[in-house]
>>> print(open('structure-v3.pdb').read())   # PDB, C-alpha atoms
ATOM      1  CA  MET A   1     -56.241  62.127-157.641
ATOM      2  CA  SER A   2     -56.864  64.344-154.648
ATOM      3  CA  ASP A   3     -59.839  62.136-153.776
ATOM      4  CA  HIS A   4     -57.826  58.955-153.333
ATOM      5  CA  LEU A   5     -56.347  57.842-150.045
ATOM      6  CA  THR A   6     -53.364  56.176-151.719
ATOM      7  CA  SER A   7     -52.001  59.379-153.273
ATOM      8  CA  TYR A   8     -51.779  61.030-149.859
ATOM      9  CA  LEU A   9     -50.199  57.908-148.384
ATOM     10  CA  ILE A  10     -47.589  57.754-151.155
ATOM     11  CA  LEU A  11     -46.775  61.437-150.627
ATOM     12  CA  SER A  12     -46.246  60.870-146.913
ATOM     13  CA  GLY A  13     -44.198  57.750-147.655
ATOM     14  CA  LEU A  14     -41.943  59.828-149.891
ATOM     15  CA  LEU A  15     -41.501  62.452-147.166
ATOM     16  CA  ALA A  16     -40.725  59.780-144.563
ATOM     17  CA  SER A  17     -38.144  58.048-146.777
ATOM     18  CA  ILE A  18     -36.442  61.376-147.541
ATOM     19  CA  GLY A  19     -36.342  61.916-143.766
ATOM     20  CA  VAL A  20     -34.832  58.488-143.159
ATOM     21  CA  TYR A  21     -32.217  59.130-145.851
ATOM     22  CA  GLY A  22     -31.322  62.499-144.316
ATOM     23  CA  PHE A  23     -31.181  61.013-140.816
ATOM     24  CA  LEU A  24     -28.604  58.471-141.968
ATOM     25  CA  GLU A  25     -26.618  60.712-144.282
ATOM     26  CA  ARG A  26     -26.201  63.973-142.345
ATOM     27  CA  ARG A  27     -23.450  64.323-139.790
ATOM     28  CA  ASN A  28     -24.580  67.670-138.496
ATOM     29  CA  LEU A  29     -26.983  67.630-135.546
ATOM     30  CA  ILE A  30     -29.194  70.351-137.025
ATOM     31  CA  GLY A  31     -29.518  68.359-140.255
ATOM     32  CA  ILE A  32     -30.611  65.334-138.227
ATOM     33  CA  LEU A  33     -33.191  67.476-136.409
ATOM     34  CA  ILE A  34     -34.560  68.692-139.771
ATOM     35  CA  SER A  35     -34.868  65.076-140.932
ATOM     36  CA  ILE A  36     -36.812  64.175-137.777
ATOM     37  CA  GLU A  37     -39.205  67.060-138.454
ATOM     38  CA  LEU A  38     -39.781  65.668-141.968
ATOM     39  CA  ILE A  39     -40.630  62.214-140.565
ATOM     40  CA  LEU A  40     -43.044  63.723-138.006
ATOM     41  CA  ASN A  41     -44.782  65.689-140.763
ATOM     42  CA  ALA A  42     -45.195  62.527-142.810
ATOM     43  CA  ALA A  43     -46.908  60.962-139.788
ATOM     44  CA  SER A  44     -49.220  63.989-139.520
ATOM     45  CA  ILE A  45     -50.244  63.701-143.190
ATOM     46  CA  ASN A  46     -51.016  60.020-142.600
ATOM     47  CA  PHE A  47     -53.177  60.815-139.570
ATOM     48  CA  LEU A  48     -55.216  63.417-141.433
ATOM     49  CA  ALA A  49     -55.609  61.226-144.538
ATOM     50  CA  PHE A  50     -56.913  58.321-142.456
ATOM     51  CA  ASN A  51     -59.109  60.798-140.564
ATOM     52  CA  LYS A  52     -60.696  62.033-143.784
ATOM     53  CA  PHE A  53     -61.089  58.769-145.685
ATOM     54  CA  LEU A  54     -61.456  56.000-143.116
ATOM     55  CA  PHE A  55     -62.605  57.241-139.734
ATOM     56  CA  PRO A  56     -66.207  58.261-138.998
ATOM     57  CA  ASP A  57     -65.458  60.832-136.274
ATOM     58  CA  LYS A  58     -63.662  63.632-138.137
ATOM     59  CA  GLY A  59     -62.208  65.319-135.039
ATOM     60  CA  MET A  60     -60.028  62.498-133.682
ATOM     61  CA  GLY A  61     -57.294  62.649-136.321
ATOM     62  CA  GLN A  62     -57.069  66.411-136.008
ATOM     63  CA  ALA A  63     -56.595  66.057-132.230
ATOM     64  CA  ALA A  64     -53.820  63.496-132.840
ATOM     65  CA  VAL A  65     -52.051  65.920-135.185
ATOM     66  CA  ILE A  66     -52.304  68.671-132.558
ATOM     67  CA  PHE A  67     -50.539  66.306-130.127
ATOM     68  CA  ILE A  68     -47.849  65.536-132.719
ATOM     69  CA  ILE A  69     -47.221  69.254-133.237
ATOM     70  CA  GLY A  70     -46.925  69.790-129.468
ATOM     71  CA  LEU A  71     -44.495  66.912-129.030
ATOM     72  CA  ALA A  72     -42.447  68.139-132.010
ATOM     73  CA  ALA A  73     -42.133  71.506-130.285
ATOM     74  CA  VAL A  74     -40.927  69.761-127.096
ATOM     75  CA  GLU A  75     -38.404  67.701-129.049
ATOM     76  CA  ALA A  76     -37.096  70.696-131.010
ATOM     77  CA  THR A  77     -36.628  72.739-127.822
ATOM     78  CA  LEU A  78     -34.607  70.017-126.104
ATOM     79  CA  ALA A  79     -32.556  69.183-129.211
ATOM     80  CA  LEU A  80     -31.640  72.824-129.768
ATOM     81  CA  SER A  81     -30.523  73.312-126.166
ATOM     82  CA  ILE A  82     -28.453  70.124-126.431
ATOM     83  CA  ILE A  83     -26.851  71.571-129.593
ATOM     84  CA  LEU A  84     -26.085  74.767-127.678
ATOM     85  CA  VAL A  85     -24.449  72.885-124.774
ATOM     86  CA  LEU A  86     -22.547  70.609-127.160
ATOM     87  CA  TYR A  87     -21.136  73.573-129.054
ATOM     88  CA  ARG A  88     -20.090  75.214-125.805
ATOM     89  CA  GLY A  89     -18.329  72.069-124.642
ATOM     90  CA  MET A  90     -16.829  70.730-127.859
ATOM     91  CA  THR A  91     -16.832  73.718-130.283
ATOM     92  CA  SER A  92     -18.302  71.417-132.922
ATOM     93  CA  ILE A  93     -21.714  69.943-133.640
ATOM     94  CA  ASN A  94     -20.409  67.168-135.839
ATOM     95  CA  ILE A  95     -21.777  64.036-134.191
ATOM     96  CA  GLU A  96     -18.777  61.894-135.047
ATOM     97  CA  GLN A  97     -16.627  64.048-132.793
ATOM     98  CA  ALA A  98     -19.202  64.084-129.997
ATOM     99  CA  ASN A  99     -18.444  60.619-128.721
ATOM    100  CA  ASN A 100     -17.464  61.218-125.135
ATOM    101  CA  LEU A 101     -19.910  62.123-122.404
ATOM    102  CA  LYS A 102     -17.683  64.046-120.029
ATOM    103  CA  GLY A 103     -19.693  66.899-118.586
TER
ATOM    104  CA  MET B   1     -60.161  68.704-161.517
ATOM    105  CA  ALA B   2     -58.769  71.967-160.199
ATOM    106  CA  LYS B   3     -58.239  70.206-156.877
ATOM    107  CA  ASP B   4     -56.126  67.564-158.604
ATOM    108  CA  ILE B   5     -53.899  70.190-160.196
ATOM    109  CA  ILE B   6     -53.465  71.924-156.830
ATOM    110  CA  PHE B   7     -52.688  68.596-155.162
ATOM    111  CA  ILE B   8     -50.042  67.703-157.751
ATOM    112  CA  GLY B   9     -48.479  71.166-157.535
ATOM    113  CA  ILE B  10     -48.302  71.141-153.739
ATOM    114  CA  SER B  11     -46.944  67.571-153.736
ATOM    115  CA  ILE B  12     -44.149  68.447-156.153
ATOM    116  CA  LEU B  13     -43.323  71.563-154.093
ATOM    117  CA  THR B  14     -43.299  69.574-150.843
ATOM    118  CA  VAL B  15     -41.185  66.676-152.082
ATOM    119  CA  ALA B  16     -38.721  68.940-153.936
ATOM    120  CA  SER B  17     -38.219  71.173-150.918
ATOM    121  CA  ALA B  18     -37.874  68.107-148.667
ATOM    122  CA  ILE B  19     -35.097  66.824-150.930
ATOM    123  CA  MET B  20     -33.470  70.266-150.753
ATOM    124  CA  ALA B  21     -33.866  70.236-146.957
ATOM    125  CA  VAL B  22     -31.676  67.148-146.653
ATOM    126  CA  GLY B  23     -29.564  67.586-149.766
ATOM    127  CA  PHE B  24     -27.959  71.003-149.541
ATOM    128  CA  LYS B  25     -24.566  71.271-147.898
ATOM    129  CA  ARG B  26     -25.213  74.552-146.092
ATOM    130  CA  THR B  27     -27.447  74.287-143.062
ATOM    131  CA  VAL B  28     -29.158  77.657-143.537
ATOM    132  CA  HIS B  29     -30.377  76.560-146.971
ATOM    133  CA  ASN B  30     -31.643  73.372-145.340
ATOM    134  CA  ALA B  31     -33.621  75.374-142.771
ATOM    135  CA  PHE B  32     -35.223  77.610-145.393
ATOM    136  CA  SER B  33     -36.129  74.597-147.553
ATOM    137  CA  LEU B  34     -37.668  73.019-144.453
ATOM    138  CA  MET B  35     -39.867  76.108-144.028
ATOM    139  CA  LEU B  36     -41.047  75.786-147.655
ATOM    140  CA  CYS B  37     -41.715  72.077-147.145
ATOM    141  CA  LEU B  38     -43.771  72.721-143.995
ATOM    142  CA  ALA B  39     -45.837  75.331-145.839
ATOM    143  CA  GLY B  40     -46.531  72.681-148.499
ATOM    144  CA  VAL B  41     -47.570  70.215-145.804
ATOM    145  CA  ALA B  42     -49.982  72.852-144.461
ATOM    146  CA  GLY B  43     -51.458  73.084-147.977
ATOM    147  CA  ILE B  44     -51.966  69.307-147.970
ATOM    148  CA  PHE B  45     -53.751  69.664-144.616
ATOM    149  CA  ILE B  46     -56.146  72.193-146.171
ATOM    150  CA  LEU B  47     -56.818  69.747-149.026
ATOM    151  CA  LEU B  48     -57.673  67.190-146.322
ATOM    152  CA  SER B  49     -60.226  69.770-145.038
ATOM    153  CA  SER B  50     -58.504  70.376-141.679
ATOM    154  CA  GLU B  51     -58.033  74.129-141.842
ATOM    155  CA  PHE B  52     -57.377  74.669-138.126
ATOM    156  CA  VAL B  53     -54.556  72.118-138.085
ATOM    157  CA  ALA B  54     -53.056  73.773-141.167
ATOM    158  CA  VAL B  55     -53.020  77.130-139.406
ATOM    159  CA  MET B  56     -51.431  75.529-136.328
ATOM    160  CA  GLU B  57     -48.808  73.916-138.575
ATOM    161  CA  ILE B  58     -47.900  77.315-140.026
ATOM    162  CA  ILE B  59     -47.817  79.018-136.614
ATOM    163  CA  VAL B  60     -45.946  76.356-134.658
ATOM    164  CA  TYR B  61     -43.642  74.838-137.280
ATOM    165  CA  VAL B  62     -42.852  77.694-139.661
ATOM    166  CA  GLY B  63     -43.233  80.370-137.008
ATOM    167  CA  ALA B  64     -41.526  78.752-134.038
ATOM    168  CA  ILE B  65     -39.582  75.572-134.774
ATOM    169  CA  ALA B  66     -37.946  76.770-138.019
ATOM    170  CA  ILE B  67     -36.988  80.063-136.369
ATOM    171  CA  ALA B  68     -35.522  78.138-133.412
ATOM    172  CA  ILE B  69     -33.505  76.012-135.845
ATOM    173  CA  ILE B  70     -32.171  79.169-137.499
ATOM    174  CA  PHE B  71     -31.232  80.481-134.030
ATOM    175  CA  ALA B  72     -29.317  77.273-133.354
ATOM    176  CA  ILE B  73     -27.513  77.633-136.689
ATOM    177  CA  MET B  74     -26.452  81.137-135.714
ATOM    178  CA  PHE B  75     -25.144  79.880-132.349
ATOM    179  CA  SER B  76     -23.194  76.974-133.838
ATOM    180  CA  PRO B  77     -19.778  77.249-135.536
ATOM    181  CA  PRO B  78     -19.482  78.495-139.111
ATOM    182  CA  HIS B  79     -19.707  75.541-141.385
ATOM    183  CA  PHE B  80     -17.575  76.559-144.317
ATOM    184  CA  MET B  81     -14.473  76.047-142.196
ATOM    185  CA  ILE B  82     -15.228  72.470-141.164
ATOM    186  CA  GLN B  83     -16.716  70.802-144.192
ATOM    187  CA  PRO B  84     -16.799  67.088-143.430
ATOM    188  CA  ARG B  85     -16.945  64.990-146.573
ATOM    189  CA  ARG B  86     -19.258  62.018-146.473
ATOM    190  CA  SER B  87     -17.706  59.024-148.168
ATOM    191  CA  LEU B  88     -19.549  57.849-151.273
ATOM    192  CA  LEU B  89     -20.139  54.403-149.794
ATOM    193  CA  LYS B  90     -22.076  55.845-146.857
ATOM    194  CA  VAL B  91     -24.161  58.108-149.133
ATOM    195  CA  LEU B  92     -25.031  55.165-151.357
ATOM    196  CA  ARG B  93     -25.893  53.070-148.306
ATOM    197  CA  SER B  94     -28.229  55.805-147.014
ATOM    198  CA  ILE B  95     -29.903  56.093-150.445
ATOM    199  CA  ALA B  96     -30.346  52.311-150.549
ATOM    200  CA  ILE B  97     -31.941  52.231-147.096
ATOM    201  CA  GLY B  98     -34.244  55.137-148.001
ATOM    202  CA  LEU B  99     -35.327  53.446-151.237
ATOM    203  CA  PHE B 100     -35.901  50.167-149.405
ATOM    204  CA  PHE B 101     -38.027  51.987-146.808
ATOM    205  CA  PHE B 102     -40.097  53.655-149.517
ATOM    206  CA  SER B 103     -40.589  50.466-151.513
ATOM    207  CA  ALA B 104     -41.755  48.636-148.370
ATOM    208  CA  ILE B 105     -44.256  51.431-147.606
ATOM    209  CA  TYR B 106     -45.399  51.478-151.246
ATOM    210  CA  LYS B 107     -45.978  47.728-151.205
ATOM    211  CA  VAL B 108     -48.038  47.996-148.029
ATOM    212  CA  ILE B 109     -50.105  50.914-149.400
ATOM    213  CA  THR B 110     -50.910  49.278-152.724
ATOM    214  CA  SER B 111     -51.565  45.780-151.412
ATOM    215  CA  THR B 112     -53.965  46.790-148.621
ATOM    216  CA  ARG B 113     -57.682  46.962-149.344
ATOM    217  CA  TRP B 114     -58.738  50.179-147.613
ATOM    218  CA  ALA B 115     -62.292  50.259-146.232
ATOM    219  CA  ILE B 116     -63.150  53.745-147.486
ATOM    220  CA  SER B 117     -65.969  55.346-145.501
ATOM    221  CA  SER B 118     -67.832  58.593-146.016
ATOM    222  CA  GLN B 119     -65.890  61.862-146.209
ATOM    223  CA  GLU B 120     -68.797  63.806-144.756
ATOM    224  CA  GLY B 121     -68.571  64.758-141.100
ATOM    225  CA  ASP B 122     -68.004  67.474-138.550
ATOM    226  CA  TYR B 123     -64.565  69.003-139.236
ATOM    227  CA  SER B 124     -65.264  72.139-137.178
ATOM    228  CA  ILE B 125     -63.047  73.651-134.489
ATOM    229  CA  LYS B 126     -65.973  73.340-132.043
ATOM    230  CA  HIS B 127     -65.991  69.556-132.419
ATOM    231  CA  LEU B 128     -62.181  69.448-132.153
ATOM    232  CA  GLY B 129     -62.305  71.452-128.924
ATOM    233  CA  GLU B 130     -64.917  69.130-127.458
ATOM    234  CA  ILE B 131     -62.673  66.159-128.241
ATOM    235  CA  LEU B 132     -59.539  67.837-126.815
ATOM    236  CA  LEU B 133     -61.259  68.655-123.532
ATOM    237  CA  GLY B 134     -63.425  65.527-123.438
ATOM    238  CA  VAL B 135     -62.082  62.200-124.678
ATOM    239  CA  TYR B 136     -58.474  63.374-124.992
ATOM    240  CA  ALA B 137     -58.370  65.555-121.859
ATOM    241  CA  LEU B 138     -55.605  63.512-120.199
ATOM    242  CA  PRO B 139     -53.196  63.500-123.204
ATOM    243  CA  PHE B 140     -53.884  67.211-123.607
ATOM    244  CA  GLU B 141     -52.757  67.881-120.017
ATOM    245  CA  VAL B 142     -49.743  65.588-120.435
ATOM    246  CA  ILE B 143     -48.663  67.579-123.526
ATOM    247  CA  GLY B 144     -48.913  70.759-121.457
ATOM    248  CA  ILE B 145     -46.754  69.309-118.675
ATOM    249  CA  ALA B 146     -44.247  67.963-121.231
ATOM    250  CA  LEU B 147     -43.901  71.409-122.825
ATOM    251  CA  PHE B 148     -43.418  73.004-119.399
ATOM    252  CA  ILE B 149     -40.736  70.521-118.361
ATOM    253  CA  ALA B 150     -39.010  70.818-121.744
ATOM    254  CA  ILE B 151     -38.802  74.596-121.381
ATOM    255  CA  LEU B 152     -37.439  74.230-117.833
ATOM    256  CA  GLY B 153     -34.872  71.652-118.966
ATOM    257  CA  ALA B 154     -33.791  73.744-121.925
ATOM    258  CA  LEU B 155     -33.307  76.787-119.696
ATOM    259  CA  LEU B 156     -31.336  74.724-117.181
ATOM    260  CA  MET B 157     -29.064  73.244-119.862
ATOM    261  CA  ALA B 158     -28.503  76.482-121.731
ATOM    262  CA  LYS B 159     -27.659  78.393-118.547
ATOM    263  CA  LYS B 160     -24.044  79.527-118.300
ATOM    264  CA  ARG B 161     -22.152  77.441-115.766
ATOM    265  CA  ASP B 162     -20.292  79.116-112.912
ATOM    266  CA  ALA B 163     -16.512  79.193-113.150
ATOM    267  CA  ASN B 164     -16.007  77.363-109.853
ATOM    268  CA  GLU B 165     -18.549  74.631-110.609
TER
END
>>> encode(input="structure-v3.pdb", output="structure tokens")
Amino acid sequence: MSDHLTSYLILSGLLASIGVYGFLERRNLIGILISIELILNAASINFLAFNKFLFPDKGMGQAAVIFIIGLAAVEATLALSIILVLYRGMTSINIEQANNLKG
Amino acid sequence: MAKDIIFIGISILTVASAIMAVGFKRTVHNAFSLMLCLAGVAGIFILLSSEFVAVMEIIVYVGAIAIAIIFAIMFSPPHFMIQPRRSLLKVLRSIAIGLFFFSAIYKVITSTRWAISSQEGDYSIKHLGEILLGVYALPFEVIGIALFIAILGALLMAKKRDANE
């Protein structure tokens, strides 16, 4: 089972669908950020599975996952500072109340 | 055989903690479940024989991003006072969209004929470093600049505004 490509792909598909569900269901910005992290991790599992089972050069997929991790760090930094500013301005991080863009 | 048992165990751990990471009402529980889930993903990376990436996953995700999320939770308002109820219709709609997404992915995975090639190869950090500074040198630099600008932007946004501004 751990030697088949499809089992890894199904695992990452499960993670990505849980992320999509959480992205639609949560109303709290931090919950949405957590869901995005889940989707990015599903993409990383896919990259490494294809790297191991399909691609001849075994370093390329690992490099792609390093880039994904770096971009996830960028995204988390910006999202958290936006949460901080939003809380300071609106005293709530519920996205349904954050519908005006007055600075 | 032992590898299969480890794979099934880590998969169950990862999926269960991912469900907890979106399912619990309290955000702190979500963040801790996310840490467990990321540790499981790192285990999957080791099973895919990419040990360096697994270590980076632990350091960057569990060590930095999850801690930053917990910081943000501590800065944001206490959640037990404003407990917004999601209407059942919207929850069911989200579940339906998630199930549809998964069934589409499952169909694609099972109906494709994958051209499996050899699993042997150079997985070493030395080879990875040669790729990062050779073929992928430009994306590597762009990631560095993006991180720098993100840190600058975060500092600028989080800075306290002056009273007369």
>>> residues_around(input="structure-v3.pdb", residues="A:Ser81", least_positions_apart="6", cutoff="10 Å", atoms="all atoms listed in the file", output="list of chain:residue names")
A:Tyr87, B:Ala72, B:Ala150, B:Ile151, B:Gly153, B:Ala154, B:Leu155, B:Leu156, B:Met157, B:Ala158, B:Lys159
>>> residues_near_point(input="structure-v3.pdb", point="(-55.1, 62.5, -153.9)", cutoff="12 Å", atoms="all atoms listed in the file", output="PyMOL selection string")
(chain A and resi 1-12+45+49+52-53) or (chain B and resi 1-11+44-45+47-48)
>>> atom_distance(input="structure-v3.pdb", atom1="atom CA of B:Gly63", atom2="atom CA of A:Asn41")
15.2 Å
>>> residues_around(input="structure-v3.pdb", residues="A:Pro56", least_positions_apart="3", cutoff="9 Å", atoms="all atoms listed in the file", output="list in words")
Asn51, Lys52 and Phe53 of chain A; Ser117, Ser118, Gln119, Glu120 and Gly121 of chain B
>>> residues_near_point(input="structure-v3.pdb", point="(-27.5, 72.5, -133.5)", cutoff="9 Å", atoms="only C-alpha atoms", output="ChimeraX atom specification")
/A:28-31,33,79-84,86-87,93 /B:69,71-76
>>> residues_around(input="structure-v3.pdb", residues="A:Val65", least_positions_apart="4", cutoff="10 Å", atoms="all atoms listed in the file", output="list of chain:residue names")
A:Leu40, A:Asn41, A:Ala43, A:Ser44, A:Ile45, A:Asn46, A:Phe47, A:Leu48, A:Met60, A:Gly61, A:Ile69, A:Gly70, A:Leu71, B:Val53, B:Ala54, B:Met56, B:Glu57
>>> atom_distance(input="structure-v3.pdb", atom1="atom CA of B:Gly23", atom2="atom CA of B:Ile46")
27.2 Å
>>> atom_distance(input="structure-v3.pdb", atom1="atom CA of A:Ile68", atom2="atom CA of B:Arg26")
27.8 Å
>>> closest_residue(input="structure-v3.pdb", among="B:Ile95, B:Thr112, B:Leu88, B:Leu138", to="chain A", atoms="all atoms listed in the file")
B:Ile95
>>> closest_residue(input="structure-v3.pdb", among="B:Tyr123, B:His29, B:Ser111, B:Lys160", to="chain A", atoms="only C-alpha atoms")
B:Tyr123
>>> axis_aligned_box(input="structure-v3.pdb", around="stretch 29-32 of chain A", padding_each_side="5 Å", output="AutoDock Vina command-line options")
--center_x -28.8 --center_y 67.8 --center_z -137.9 --size_x 13.6 --size_y 15.0 --size_z 14.7
>>> closest_residue(input="structure-v3.pdb", among="A:Gly89, A:Ser17, A:Ile32, A:Phe23", to="chain B", atoms="all atoms listed in the file")
A:Ser17
>>> closest_residue(input="structure-v3.pdb", among="B:Ala104, B:Val22, B:Ile58, B:Leu92", to="chain A", atoms="only C-alpha atoms")
B:Val22
>>> residues_around(input="structure-v3.pdb", residues="B:Leu99", least_positions_apart="4", cutoff="12 Å", atoms="only C-alpha atoms", output="list in words")
Gly13, Leu14, Leu15, Ala16, Ser17, Ile18, Gly19, Val20 and Tyr21 of chain A; Leu92, Arg93, Ser94, Ile95, Ser103, Ala104, Ile105 and Tyr106 of chain B
>>> write_last_selection(input="structure-v3.pdb", atoms="C-alpha atoms", output="tab-separated table (two decimals), keeping the file's coordinate frame")
chain	number	residue	atom	x	y	z
A	13	GLY	CA	-44.20	57.75	-147.66
A	14	LEU	CA	-41.94	59.83	-149.89
A	15	LEU	CA	-41.50	62.45	-147.17
A	16	ALA	CA	-40.72	59.78	-144.56
A	17	SER	CA	-38.14	58.05	-146.78
A	18	ILE	CA	-36.44	61.38	-147.54
A	19	GLY	CA	-36.34	61.92	-143.77
A	20	VAL	CA	-34.83	58.49	-143.16
A	21	TYR	CA	-32.22	59.13	-145.85
B	92	LEU	CA	-25.03	55.16	-151.36
B	93	ARG	CA	-25.89	53.07	-148.31
B	94	SER	CA	-28.23	55.80	-147.01
B	95	ILE	CA	-29.90	56.09	-150.44
B	103	SER	CA	-40.59	50.47	-151.51
B	104	ALA	CA	-41.76	48.64	-148.37
B	105	ILE	CA	-44.26	51.43	-147.61
B	106	TYR	CA	-45.40	51.48	-151.25
>>> resolve_selection(input="structure-v3.pdb", expression="the PyMOL selection byres ((chain B and resi 61) around 9)", output="ChimeraX atom specification")
/A:69,72-73 /B:35,38-39,56-60,62-67
>>> closest_residue(input="structure-v3.pdb", among="A:Lys58, A:Phe50, A:Glu75, A:Phe67", to="A:Ile36", atoms="all atoms listed in the file")
A:Glu75
>>> decode(input="structure-v3.pdb", residues="stretch 60-71 of chain A", atoms="N, CA, C and O atoms", output="PDB file, in the first residue's frame")
ATOM      1  N   MET A  60      14.067  17.355  -8.121  1.00  0.00           N
ATOM      2  CA  MET A  60      13.208  18.446  -8.592  1.00  0.00           C
ATOM      3  C   MET A  60      11.968  18.625  -7.718  1.00  0.00           C
ATOM      4  O   MET A  60      11.617  19.742  -7.334  1.00  0.00           O
ATOM      5  N   GLY A  61      11.301  17.524  -7.382  1.00  0.00           N
ATOM      6  CA  GLY A  61      10.097  17.633  -6.562  1.00  0.00           C
ATOM      7  C   GLY A  61      10.406  18.168  -5.185  1.00  0.00           C
ATOM      8  O   GLY A  61       9.641  18.954  -4.626  1.00  0.00           O
ATOM      9  N   GLN A  62      11.568  17.750  -4.640  1.00  0.00           N
ATOM     10  CA  GLN A  62      11.936  18.264  -3.317  1.00  0.00           C
ATOM     11  C   GLN A  62      12.164  19.768  -3.375  1.00  0.00           C
ATOM     12  O   GLN A  62      11.738  20.504  -2.469  1.00  0.00           O
ATOM     13  N   ALA A  63      12.794  20.257  -4.467  1.00  0.00           N
ATOM     14  CA  ALA A  63      13.002  21.704  -4.604  1.00  0.00           C
ATOM     15  C   ALA A  63      11.661  22.422  -4.685  1.00  0.00           C
ATOM     16  O   ALA A  63      11.470  23.475  -4.057  1.00  0.00           O
ATOM     17  N   ALA A  64      10.691  21.831  -5.419  1.00  0.00           N
ATOM     18  CA  ALA A  64       9.369  22.461  -5.529  1.00  0.00           C
ATOM     19  C   ALA A  64       8.712  22.555  -4.164  1.00  0.00           C
ATOM     20  O   ALA A  64       8.082  23.572  -3.829  1.00  0.00           O
ATOM     21  N   VAL A  65       8.868  21.503  -3.333  1.00  0.00           N
ATOM     22  CA  VAL A  65       8.245  21.545  -2.007  1.00  0.00           C
ATOM     23  C   VAL A  65       8.920  22.593  -1.127  1.00  0.00           C
ATOM     24  O   VAL A  65       8.253  23.271  -0.335  1.00  0.00           O
ATOM     25  N   ILE A  66      10.244  22.763  -1.289  1.00  0.00           N
ATOM     26  CA  ILE A  66      10.921  23.831  -0.542  1.00  0.00           C
ATOM     27  C   ILE A  66      10.324  25.190  -0.913  1.00  0.00           C
ATOM     28  O   ILE A  66      10.054  26.034  -0.048  1.00  0.00           O
ATOM     29  N   PHE A  67      10.045  25.396  -2.223  1.00  0.00           N
ATOM     30  CA  PHE A  67       9.439  26.664  -2.639  1.00  0.00           C
ATOM     31  C   PHE A  67       8.046  26.823  -2.040  1.00  0.00           C
ATOM     32  O   PHE A  67       7.672  27.921  -1.610  1.00  0.00           O
ATOM     33  N   ILE A  68       7.273  25.717  -2.019  1.00  0.00           N
ATOM     34  CA  ILE A  68       5.922  25.807  -1.436  1.00  0.00           C
ATOM     35  C   ILE A  68       5.999  26.207   0.025  1.00  0.00           C
ATOM     36  O   ILE A  68       5.236  27.057   0.504  1.00  0.00           O
ATOM     37  N   ILE A  69       6.953  25.615   0.759  1.00  0.00           N
ATOM     38  CA  ILE A  69       7.081  25.938   2.186  1.00  0.00           C
ATOM     39  C   ILE A  69       7.444  27.416   2.360  1.00  0.00           C
ATOM     40  O   ILE A  69       6.871  28.119   3.204  1.00  0.00           O
ATOM     41  N   GLY A  70       8.352  27.921   1.513  1.00  0.00           N
ATOM     42  CA  GLY A  70       8.722  29.336   1.601  1.00  0.00           C
ATOM     43  C   GLY A  70       7.548  30.245   1.323  1.00  0.00           C
ATOM     44  O   GLY A  70       7.302  31.205   2.060  1.00  0.00           O
ATOM     45  N   LEU A  71       6.783  29.926   0.263  1.00  0.00           N
ATOM     46  CA  LEU A  71       5.635  30.785  -0.059  1.00  0.00           C
ATOM     47  C   LEU A  71       4.558  30.693   1.015  1.00  0.00           C
ATOM     48  O   LEU A  71       3.879  31.686   1.291  1.00  0.00           O
TER      49      LEU A  71
END
